>>> print(open('final.txt').read())   # compact mmCIF, C-alpha atoms
# COMPACT_ATOMS: atom_id res chain seq x y z
CA MET A 268 3.87 10.81 -0.14
CA ASN A 269 7.16 9.26 1.02
CA GLU A 270 5.68 5.83 0.35
CA TYR A 271 4.84 6.92 -3.21
CA ASP A 272 8.34 8.40 -3.64
CA SER A 273 10.00 5.25 -2.26
CA ASN A 274 8.10 3.06 -4.72
CA ARG A 275 9.11 5.31 -7.60
CA ILE A 276 12.75 5.27 -6.51
CA TYR A 277 12.61 1.48 -6.76
CA ASP A 278 10.96 1.63 -10.19
CA ILE A 279 13.89 3.74 -11.42
CA ALA A 280 16.70 1.77 -9.75
CA ASN A 281 15.20 -1.43 -11.13
CA LYS A 282 16.37 -0.29 -14.57
CA ILE A 283 20.02 -0.58 -13.54
CA ASN A 284 19.42 -4.07 -12.10
CA TYR A 285 18.90 -3.20 -8.44
CA ARG A 286 16.26 -5.29 -6.67
CA LYS A 287 14.55 -4.96 -3.30
CA THR A 288 15.82 -7.07 -0.41
CA GLU A 289 14.18 -7.74 2.92
CA ASN A 290 17.55 -8.35 4.59
CA LEU A 291 19.80 -5.42 5.40
CA LYS A 292 22.91 -7.63 5.34
CA ASP A 293 22.28 -8.44 1.65
CA ALA A 294 22.11 -4.83 0.50
CA ASP A 295 24.54 -3.36 -2.03
CA CYS A 296 22.77 -0.01 -1.80
CA TYR A 297 20.90 1.39 1.19
CA VAL A 298 18.45 4.25 0.49
CA LEU A 299 16.96 6.06 3.48
CA ASN A 300 13.95 8.14 2.40
CA THR A 301 13.24 10.77 5.04
CA CYS A 302 10.62 13.20 6.34
CA HIS A 303 11.45 16.46 8.13
CA ILE A 304 8.03 17.34 9.56
CA ARG A 305 8.68 16.07 13.07
CA GLU A 306 11.46 16.57 15.58
CA LYS A 307 14.48 14.25 15.74
CA ALA A 308 14.24 13.27 12.05
CA THR A 309 17.95 13.97 11.56
CA GLU A 310 18.87 11.91 14.63
CA LYS A 311 16.94 8.98 13.13
CA VAL A 312 19.07 9.27 10.00
CA TYR A 313 22.28 8.96 12.03
CA HIS A 314 20.79 6.08 14.02
CA ASP A 315 19.82 4.15 10.87
CA VAL A 316 23.15 4.80 9.19
CA GLY A 317 24.81 3.57 12.40
CA ARG A 318 22.93 0.27 12.07
CA VAL A 319 24.26 -0.13 8.54
CA LYS A 320 27.82 0.65 9.65
CA LYS A 321 27.54 -1.97 12.40
CA GLU A 322 26.15 -4.62 10.04
CA PHE A 323 28.88 -4.03 7.44
CA ARG A 324 31.78 -3.52 9.83
CA ASN A 325 33.72 -6.46 8.42
CA LYS A 326 32.17 -6.50 4.95
CA LYS A 327 32.30 -4.43 1.80
CA LYS A 328 30.60 -1.10 2.44
CA PRO A 329 27.24 -0.66 0.64
CA ILE A 330 26.32 2.56 -1.14
CA VAL A 331 24.43 4.74 1.38
CA ILE A 332 22.09 7.42 0.05
CA VAL A 333 19.81 9.72 2.07
CA THR A 334 16.82 11.03 0.12
CA GLY A 335 13.76 13.12 1.00
CA CYS A 336 13.19 16.24 3.04
CA VAL A 337 15.98 15.78 5.63
CA ALA A 338 18.40 15.50 2.70
CA GLN A 339 16.96 18.72 1.28
CA ALA A 340 17.09 20.64 4.56
CA GLU A 341 20.37 19.37 6.00
CA GLY A 342 22.20 17.67 3.14
CA GLU A 343 25.60 19.33 3.48
CA ILE A 344 25.54 18.86 7.26
CA LEU A 345 24.81 15.14 6.83
CA LEU A 346 27.67 14.67 4.37
CA ASN A 347 30.13 16.51 6.58
CA LYS A 348 29.10 14.86 9.84
CA GLU A 349 28.61 11.27 8.65
CA LYS A 350 31.32 10.19 6.22
CA TYR A 351 29.56 6.85 5.66
CA ILE A 352 26.86 8.65 3.62
CA ASP A 353 27.76 8.74 -0.09
CA ALA A 354 25.03 11.04 -1.37
CA VAL A 355 22.07 13.19 -0.37
CA ILE A 356 19.18 13.66 -2.79
CA GLY A 357 16.28 16.08 -2.20
CA PRO A 358 12.64 15.12 -2.93
CA GLN A 359 12.64 16.95 -6.26
CA SER A 360 15.83 15.27 -7.47
CA TYR A 361 15.35 11.56 -6.75
CA HIS A 362 14.76 10.87 -10.46
CA GLN A 363 18.58 11.12 -10.70
CA ILE A 364 19.06 8.12 -8.39
CA ASN A 365 20.48 5.89 -11.16
CA LYS A 366 23.07 8.42 -12.28
CA THR A 367 23.98 8.92 -8.62
CA ILE A 368 24.44 5.21 -7.94
CA LEU A 369 26.52 4.69 -11.09
CA ASN A 370 28.74 7.68 -10.27
CA ILE A 371 29.33 6.36 -6.73
CA GLU A 372 30.23 2.95 -8.14
CA LYS A 373 32.95 4.64 -10.22
CA ASN A 374 34.44 6.97 -7.60
CA THR A 375 34.20 8.03 -3.95
CA LYS A 376 33.25 11.68 -4.45
CA LYS A 377 30.32 12.79 -2.28
CA ILE A 378 27.15 13.86 -4.17
CA ASN A 379 24.67 16.55 -3.12
CA LEU A 380 21.55 16.84 -5.30
CA THR A 381 19.05 19.28 -3.81
CA ASP A 382 17.68 21.18 -6.80
CA PHE A 383 14.01 22.19 -7.09
CA ASN A 384 13.40 21.12 -10.70
CA VAL A 385 10.05 19.42 -10.16
CA ASN A 386 9.14 19.52 -13.89
CA ASP A 387 12.28 17.57 -14.75
CA LYS A 388 11.49 15.05 -12.01
CA PHE A 389 8.03 14.13 -13.25
CA ASP A 390 9.08 14.22 -16.91
CA THR A 391 11.67 11.58 -16.02
CA LEU A 392 9.27 9.53 -13.87
CA ASN A 393 6.83 9.26 -16.77
CA VAL A 394 9.39 7.13 -18.59
CA PHE A 395 9.34 4.55 -15.78
CA ARG A 396 6.19 2.48 -15.35
CA ASN A 397 4.73 2.58 -11.82
CA THR A 398 4.93 -1.06 -10.67
CA ASN A 399 3.01 -0.64 -7.42
CA SER A 400 0.40 -3.40 -7.23
CA ASN A 401 -1.31 -2.69 -3.90
CA ILE A 402 -5.10 -2.88 -3.75
CA SER A 403 -5.11 0.55 -2.11
CA THR A 404 -2.39 2.76 -3.52
CA PHE A 405 -1.14 6.35 -3.64
CA LEU A 406 -0.71 8.81 -6.49
CA THR A 407 1.07 12.14 -6.06
CA ILE A 408 -0.80 14.81 -8.04
CA GLN A 409 0.56 17.96 -6.40
CA GLU A 410 3.67 18.94 -4.49
CA GLY A 411 4.87 21.92 -2.50
CA CYS A 412 2.96 24.63 -0.68
CA ASP A 413 2.61 28.42 -0.95
CA LYS A 414 0.84 28.92 2.39
CA PHE A 415 3.95 29.40 4.56
CA CYS A 416 2.39 28.44 7.89
CA LYS A 417 4.97 29.66 10.40
CA PHE A 418 5.60 26.20 11.89
CA CYS A 419 5.94 24.30 8.62
CA VAL A 420 9.08 23.28 6.78
CA VAL A 421 7.35 22.04 3.59
CA PRO A 422 7.76 25.23 1.49
CA TYR A 423 11.51 25.05 2.18
CA THR A 424 11.96 21.34 1.48
CA ARG A 425 9.37 20.68 -1.25
CA GLY A 426 9.24 24.14 -2.83
CA LYS A 427 6.34 26.09 -4.32
CA GLU A 428 3.07 24.49 -5.39
CA TYR A 429 3.25 22.38 -8.53
CA SER A 430 0.40 20.43 -10.15
CA ARG A 431 1.02 17.53 -12.52
CA PRO A 432 -0.75 17.43 -15.93
CA VAL A 433 -4.18 15.77 -16.02
CA ASP A 434 -3.32 13.39 -18.89
CA GLU A 435 -0.18 12.27 -17.09
CA LEU A 436 -2.18 11.47 -13.95
CA LEU A 437 -4.91 9.67 -15.88
CA ASN A 438 -2.31 7.46 -17.55
CA GLU A 439 -0.66 6.62 -14.24
CA SER A 440 -4.07 5.94 -12.64
CA LYS A 441 -4.98 3.52 -15.45
CA ASN A 442 -1.60 1.85 -15.03
CA LEU A 443 -2.16 1.42 -11.27
CA VAL A 444 -5.61 -0.08 -11.89
CA GLU A 445 -4.11 -2.46 -14.46
CA ASN A 446 -1.64 -3.48 -11.71
CA GLY A 447 -4.59 -4.37 -9.45
CA ALA A 448 -5.46 -1.15 -7.60
CA LYS A 449 -9.11 -0.80 -6.55
CA GLU A 450 -8.61 2.38 -4.54
CA ILE A 451 -6.39 5.39 -5.27
CA THR A 452 -5.57 8.13 -2.77
CA LEU A 453 -4.57 11.36 -4.50
CA LEU A 454 -1.70 13.03 -2.66
CA GLY A 455 -0.43 16.55 -2.23
CA GLN A 456 1.11 18.69 0.46
CA ASN A 457 -1.85 20.93 -0.33
CA VAL A 458 -3.89 18.59 -2.52
CA ASN A 459 -6.98 20.76 -2.96
CA ALA A 460 -4.79 23.53 -4.38
CA TYR A 461 -4.38 21.27 -7.45
CA ASN A 462 -4.78 23.37 -10.58
CA PHE A 463 -3.40 22.43 -13.99
CA LYS A 464 -4.39 24.83 -16.76
CA GLY A 465 -7.69 25.58 -15.06
CA LYS A 466 -8.46 21.94 -14.22
CA LYS A 467 -9.08 21.63 -10.48
CA LEU A 468 -9.08 18.69 -8.10
CA SER A 469 -12.81 18.09 -8.68
CA ASP A 470 -12.18 17.84 -12.45
CA LEU A 471 -9.36 15.37 -11.94
CA ILE A 472 -11.45 13.23 -9.58
CA SER A 473 -14.28 13.18 -12.13
CA GLU A 474 -11.93 12.00 -14.88
CA ILE A 475 -10.25 9.33 -12.76
CA SER A 476 -13.65 8.04 -11.57
CA LYS A 477 -14.41 7.00 -15.18
CA ILE A 478 -11.86 4.17 -14.89
CA LYS A 479 -14.25 1.21 -14.68
CA GLU A 480 -12.30 -1.14 -12.40
CA LEU A 481 -11.45 1.61 -9.89
CA LYS A 482 -13.87 1.37 -6.96
CA ARG A 483 -12.75 4.15 -4.60
CA ILE A 484 -11.07 7.56 -4.65
CA ARG A 485 -9.67 9.50 -1.69
CA TYR A 486 -7.45 12.57 -1.40
CA THR A 487 -5.19 14.09 1.24
CA THR A 488 -4.04 16.52 2.65
CA SER A 489 -6.40 19.49 2.34
CA HIS A 490 -6.08 23.11 3.44
CA PRO A 491 -9.37 24.67 4.62
CA THR A 492 -8.88 27.86 2.61
CA ASP A 493 -8.57 25.95 -0.69
CA PHE A 494 -11.85 24.05 -0.38
CA SER A 495 -13.66 25.38 -3.45
CA LYS A 496 -17.40 25.16 -4.15
CA ASP A 497 -16.91 22.61 -6.92
CA LEU A 498 -14.92 20.32 -4.60
CA ILE A 499 -17.66 20.51 -1.98
CA GLU A 500 -20.33 19.74 -4.56
CA ILE A 501 -18.59 16.66 -5.98
CA HIS A 502 -18.95 15.01 -2.57
CA GLY A 503 -22.69 15.06 -3.12
CA ARG A 504 -22.76 13.40 -6.53
CA LEU A 505 -19.83 11.01 -6.99
CA SER A 506 -20.24 7.63 -5.28
CA LYS A 507 -16.62 6.57 -5.90
CA LEU A 508 -15.38 9.51 -3.84
CA MET A 509 -15.28 8.31 -0.23
CA PRO A 510 -17.20 10.34 2.41
CA PHE A 511 -14.15 10.89 4.58
CA ILE A 512 -11.93 13.98 4.60
CA HIS A 513 -8.70 14.65 6.43
CA LEU A 514 -8.93 18.39 7.10
CA PRO A 515 -6.11 19.74 9.30
CA VAL A 516 -7.16 22.64 11.51
CA GLN A 517 -4.03 22.69 13.76
CA SER A 518 -5.66 24.66 16.60
CA GLY A 519 -9.06 25.48 18.08
CA SER A 520 -7.94 29.01 18.99
CA ASN A 521 -8.31 31.96 16.61
CA LYS A 522 -5.40 33.69 18.30
CA ILE A 523 -3.09 30.74 17.64
CA LEU A 524 -4.41 30.21 14.10
CA GLN A 525 -3.55 33.81 13.31
CA SER A 526 -0.12 33.42 14.88
CA MET A 527 0.43 30.29 12.77
CA ASN A 528 -0.54 32.19 9.59
CA ARG A 529 -3.17 29.54 8.88
CA LYS A 530 -5.43 32.04 7.02
CA HIS A 531 -8.66 30.61 8.47
CA THR A 532 -10.61 31.01 11.69
CA VAL A 533 -12.50 28.48 13.79
CA LYS A 534 -15.72 29.99 12.43
CA ASN A 535 -14.53 29.54 8.81
CA TYR A 536 -13.56 25.96 9.55
CA LEU A 537 -16.91 25.08 11.13
CA LYS A 538 -18.75 26.75 8.25
CA LEU A 539 -16.85 24.55 5.79
CA ILE A 540 -17.67 21.43 7.83
CA SER A 541 -21.33 22.46 7.77
CA LYS A 542 -21.34 22.94 3.97
CA LEU A 543 -19.79 19.52 3.42
CA LYS A 544 -22.25 17.81 5.77
CA LYS A 545 -25.14 19.56 4.04
CA ILE A 546 -24.02 18.29 0.64
CA ASN A 547 -23.38 14.78 2.05
CA PRO A 548 -24.62 13.99 5.59
CA LEU A 549 -22.49 10.82 5.68
CA ILE A 550 -19.16 12.70 5.59
CA LYS A 551 -16.81 12.20 8.52
CA PHE A 552 -13.62 14.09 9.35
CA SER A 553 -10.16 13.62 10.80
CA SER A 554 -7.73 16.39 11.61
CA ASP A 555 -4.27 17.44 12.83
CA PHE A 556 -3.60 19.44 15.99
CA ILE A 557 -0.44 21.08 17.29
CA ILE A 558 -0.42 21.33 21.08
CA GLY A 559 1.74 23.86 22.92
CA TYR A 560 2.36 26.18 19.98
CA PRO A 561 4.30 29.36 21.01
CA GLY A 562 1.91 31.83 22.60
CA GLU A 563 -0.67 29.19 23.61
CA THR A 564 -2.03 30.08 27.07
CA LYS A 565 -4.70 27.38 27.28
CA MET A 566 -5.92 24.42 25.31
CA THR A 567 -9.39 24.40 23.80
CA LEU A 568 -11.46 21.24 23.40
CA GLU A 569 -14.66 22.82 22.09
CA LEU A 570 -13.79 22.22 18.45
CA ILE A 571 -13.16 18.49 18.68
CA LYS A 572 -16.32 18.05 20.74
CA LYS A 573 -18.37 20.02 18.20
CA VAL A 574 -17.02 18.33 15.06
CA GLN A 575 -16.69 14.83 16.61
CA PHE A 576 -13.61 13.89 14.56
CA ILE A 577 -13.44 10.14 14.04
CA ASN A 578 -9.65 10.36 14.13
CA THR A 579 -7.09 12.96 15.17
CA TYR A 580 -3.33 13.29 14.97
CA SER A 581 -1.96 15.46 17.75
CA PHE A 582 1.60 16.36 18.67
CA ILE A 583 3.47 18.71 20.94
CA TYR A 584 4.89 21.57 18.88
CA SER A 585 8.45 20.97 17.71
CA ALA A 586 10.42 23.82 16.19
CA ARG A 587 11.63 23.21 12.66
CA PRO A 588 14.93 24.93 11.85
CA GLY A 589 14.50 27.77 9.36
CA THR A 590 10.81 28.38 10.04
CA PRO A 591 9.57 31.69 11.56
CA ALA A 592 8.05 29.90 14.57
CA ALA A 593 11.47 28.52 15.51
CA LYS A 594 12.40 32.00 16.73
CA MET A 595 9.37 32.26 19.05
CA ASN A 596 9.32 31.43 22.76
CA GLU A 597 8.12 27.89 23.32
CA VAL A 598 5.55 26.79 25.89
CA ASN A 599 7.00 24.87 28.84
CA TYR A 600 7.27 21.21 27.78
CA LYS A 601 5.66 19.86 30.96
CA ILE A 602 2.62 22.10 30.43
CA SER A 603 2.43 21.07 26.77
CA LYS A 604 2.60 17.40 27.75
CA GLU A 605 -0.27 17.80 30.22
CA ARG A 606 -2.36 19.53 27.58
CA LEU A 607 -1.57 16.84 25.03
CA ILE A 608 -2.65 14.07 27.43
CA LEU A 609 -5.96 15.84 28.13
CA PHE A 610 -6.53 16.47 24.42
CA GLN A 611 -5.80 12.87 23.43
CA GLN A 612 -7.97 11.45 26.20
CA THR A 613 -10.92 13.50 24.93
CA ALA A 614 -10.20 12.71 21.27
CA GLU A 615 -9.80 8.97 21.95
CA LYS A 616 -13.09 8.86 23.85
CA ILE A 617 -14.88 10.44 20.90
CA LYS A 618 -13.18 8.00 18.53
CA TYR A 619 -14.06 4.94 20.63
CA ASN A 620 -17.69 5.98 21.08
CA TYR A 621 -17.94 6.41 17.32
CA LYS A 622 -16.53 2.94 16.69
CA LYS A 623 -18.92 1.40 19.25
CA SER A 624 -21.82 3.08 17.43
CA LEU A 625 -20.96 1.01 14.33
CA ILE A 626 -21.51 -2.35 16.06
CA ASN A 627 -24.38 -4.32 14.46
CA LYS A 628 -24.33 -1.97 11.47
CA LYS A 629 -23.22 -2.85 7.95
CA SER A 630 -20.23 -1.37 6.15
CA GLU A 631 -18.74 -1.77 2.71
CA VAL A 632 -15.17 -2.95 3.15
CA LEU A 633 -12.42 -3.09 0.54
CA PHE A 634 -10.05 -5.87 1.58
CA GLU A 635 -6.37 -5.13 0.99
CA ASN A 636 -4.51 -8.18 2.25
CA LYS A 637 -4.51 -11.40 4.24
CA ILE A 638 -3.08 -11.28 7.75
CA LYS A 639 -0.03 -13.52 7.99
CA ASN A 640 -0.52 -16.99 9.52
CA SER A 641 -4.28 -16.61 9.98
CA ASN A 642 -7.57 -16.84 8.09
CA GLU A 643 -8.22 -13.14 8.72
CA PHE A 644 -8.24 -10.37 6.15
CA PHE A 645 -7.57 -6.65 6.58
CA GLY A 646 -9.56 -3.95 4.85
CA ARG A 647 -11.01 -0.47 5.29
CA ASP A 648 -14.55 0.83 5.22
CA GLU A 649 -15.73 4.01 3.49
CA PHE A 650 -14.37 6.13 6.34
CA SER A 651 -10.94 4.47 6.29
CA ASN A 652 -11.64 2.56 9.52
CA PRO A 653 -9.51 -0.61 9.71
CA VAL A 654 -11.68 -3.75 9.56
CA ILE A 655 -10.58 -7.33 10.24
CA THR A 656 -12.74 -10.23 9.08
CA LYS A 657 -12.34 -14.00 9.12
CA SER A 658 -12.92 -15.84 5.87
CA ASP A 659 -12.16 -19.25 4.39
CA TYR A 660 -11.99 -17.80 0.88
CA ASN A 661 -9.69 -15.09 -0.49
CA LEU A 662 -11.04 -11.61 0.16
CA LYS A 663 -8.06 -9.67 -1.20
CA GLY A 664 -9.25 -7.05 -3.68
CA LYS A 665 -12.91 -7.74 -2.90
CA LEU A 666 -15.46 -5.10 -1.91
CA GLU A 667 -17.80 -6.83 0.54
CA GLU A 668 -20.67 -5.89 2.82
CA VAL A 669 -19.60 -6.57 6.39
CA LYS A 670 -21.58 -6.60 9.61
CA ILE A 671 -19.54 -5.07 12.43
CA VAL A 672 -19.70 -7.31 15.50
CA SER A 673 -17.09 -5.76 17.84
CA CYS A 674 -14.34 -3.15 18.05
CA ASN A 675 -11.38 -1.91 20.01
CA GLN A 676 -9.92 1.60 20.09
CA ASN A 677 -8.48 1.38 16.58
CA THR A 678 -10.05 -1.52 14.73
CA LEU A 679 -13.47 -2.86 13.76
CA PHE A 680 -14.14 -6.62 13.61
CA GLY A 681 -16.80 -7.94 11.30
CA GLU A 682 -18.45 -10.84 9.53
CA ILE A 683 -19.12 -11.06 5.80
CA GLU A 684 -22.83 -10.62 5.15
CA LYS A 685 -22.98 -13.64 2.82
CA ASN A 686 -21.40 -15.83 5.56
CA ILE A 687 -24.01 -14.60 8.05
CA LYS A 688 -26.78 -15.55 5.62
CA LYS A 689 -25.22 -19.01 5.17
CA LYS A 690 -25.27 -19.50 8.96
CA GLU A 691 -28.89 -18.37 9.18
CA HIS A 692 -29.86 -20.68 6.32
CA ALA A 693 -28.07 -23.63 7.92
CA ALA A 694 -29.85 -22.97 11.23
>>> encode(input="final.txt", output="structure tokens")
Amino acid sequence: MNEYDSNRIYDIANKINYRKTENLKDADCYVLNTCHIREKATEKVYHDVGRVKKEFRNKKKPIVIVTGCVAQAEGEILLNKEKYIDAVIGPQSYHQINKTILNIEKNTKKINLTDFNVNDKFDTLNVFRNTNSNISTFLTIQEGCDKFCKFCVVPYTRGKEYSRPVDELLNESKNLVENGAKEITLLGQNVNAYNFKGKKLSDLISEISKIKELKRIRYTTSHPTDFSKDLIEIHGRLSKLMPFIHLPVQSGSNKILQSMNRKHTVKNYLKLISKLKKINPLIKFSSDFIIGYPGETKMTLELIKKVQFINTYSFIYSARPGTPAAKMNEVNYKISKERLILFQQTAEKIKYNYKKSLINKKSEVLFENKIKNSNEFFGRDEFSNPVITKSDYNLKGKLEEVKIVSCNQNTLFGEIEKNIKKKEHAA
């Protein structure tokens, strides 16, 4: 979502003649778009601002703006502690970036914009054409969350759940496809809670799938309790919807899930997995896990072994200021670290065995770009596995059948099926 927001910030600033630069030393305005989910996010802000200060020590100071969730959560603290920062703008206020920049150009008064007017934000964004031209791109359809998991800062930095209008999203999707997109990932902090005037995520996916040149649709991130029957069923009938779901569970312990206020049990989660696999046996899953959450007395591995996640994201619990869990007694860090290592070893073994099972099999790969200084191209298969393939002709934007010939822990390596046939014919 931050990538989507960053691209939109550029689309807006472009209107007052600001352009992207790859070189920090050339910048007139430095925008640091931040996330507050993980620990040490604020320290990273100070570190990055320090780099700018060092680079411009003997030059004219650039405008420095911090946007995103750290700005929302700790904006006043940032402005007071780091005088080099000119403005902080929360994630629901970045549509005011141009007014902010122009005001800073006129005077030196610090600016703090951390309102929660999400309607105003998207009304303004609709005026600015989305210029993103990636083959695989993102589209924010929903923001905020009403679940209030005890460890999560999102309800406090992004606000309550908000779903964008269907027509607005269809227009932006068509625009992205006109720009060259072949795959769109629909984004939301709680994406399957999307609901605009009775239209659910499944309805939106159905409408977007009618765009002829669009080849693939994905969505993330889902909450298990918002997986409705219609969303399950669409996975059995819509070929453009990829058979891969990121479905965060956070823990394999019912006791911890209850303590987290996750509103689902391990049994509920497994039942949902079973329903999805029944409707589409090809579906694979990835998930998030928090290790060492307050009150955790042991770490369970049964769930990841049972589901066989093809990818997992696991972290030691880090307290987020202002969340209920921040007041709870934390598990000893050394114990948490040991549990994390064991968890990741098990998860990585499952992941590697899965990738090895794909060798000598065929996959449909959408190629996104050419790897610099080589004749190799990068793409992803239906399950979002990275695939690298050599080719003498341009594969960017192409959907090709690839035979997987080898793999490592993270990447598949393949050959284009038509190239294999050429070799066989030549032989």
>>> closest_residue(input="final.txt", among="A:Leu508, A:Cys296, A:Ile571, A:Ala338", to="A:Tyr423", atoms="only C-alpha atoms")
A:Ala338
>>> closest_residue(input="final.txt", among="A:Arg305, A:His314, A:Lys665, A:His502", to="A:Glu450", atoms="all atoms listed in the file")
A:Lys665
>>> closest_residue(input="final.txt", among="A:Tyr560, A:Tyr580, A:Tyr486, A:Tyr361", to="A:Ile408", atoms="only C-alpha atoms")
A:Tyr486
>>> closest_residue(input="final.txt", among="A:Asp497, A:Ser658, A:Phe418, A:Ile671", to="A:Ile557", atoms="only C-alpha atoms")
A:Phe418
>>> residues_around(input="final.txt", residues="A:Ala354", least_positions_apart="3", cutoff="9 Å", atoms="only C-alpha atoms", output="PyMOL selection string")
chain A and resi 330-334+338+342+346+367-368+371+376-380
>>> closest_residue(input="final.txt", among="A:Gln525, A:Asn446, A:Thr301, A:Thr567", to="A:Asn401", atoms="all atoms listed in the file")
A:Asn446
>>> closest_residue(input="final.txt", among="A:Thr309, A:Thr381, A:Ser273, A:Ser495", to="A:Thr407", atoms="all atoms listed in the file")
A:Ser273
>>> atom_distance(input="final.txt", atom1="atom CA of A:Lys328", atom2="atom CA of A:Pro358")
24.8 Å
>>> atom_distance(input="final.txt", atom1="atom CA of A:Asn596", atom2="atom CA of A:Glu563")
10.3 Å
>>> residues_around(input="final.txt", residues="A:Ala340", least_positions_apart="5", cutoff="9 Å", atoms="all atoms listed in the file", output="list in words")
His303, Gly335, Gly357, Thr381, Val420, Tyr423, Thr424, Pro588 and Gly589 of chain A
>>> residues_around(input="final.txt", residues="stretch 617-629 of chain A", least_positions_apart="2", cutoff="12 Å", atoms="all atoms listed in the file", output="VMD selection string")
chain A and resid 551 to 553 568 571 to 580 610 to 615 631 to 632 648 to 654 667 to 685 687
>>> atom_distance(input="final.txt", atom1="atom CA of A:Asn521", atom2="atom CA of A:Asn535")
10.3 Å
>>> residues_around(input="final.txt", residues="A:Ile608", least_positions_apart="6", cutoff="12 Å", atoms="only C-alpha atoms", output="PyMOL selection string")
chain A and resi 558-559+566+581-583+601-602+614-615
>>> residues_around(input="final.txt", residues="stretch 432-438 of chain A", least_positions_apart="3", cutoff="8 Å", atoms="all atoms listed in the file", output="list in words")
Asn393, Ile408, Lys441, Asn442, Phe463, Lys466, Leu471, Glu474 and Ile475 of chain A
>>> residues_near_point(input="final.txt", point="(-8.9, 15.4, 7.5)", cutoff="6 Å", atoms="only C-alpha atoms", output="list in words")
Ile512, His513, Leu514, Pro515, Phe552, Ser553 and Ser554 of chain A
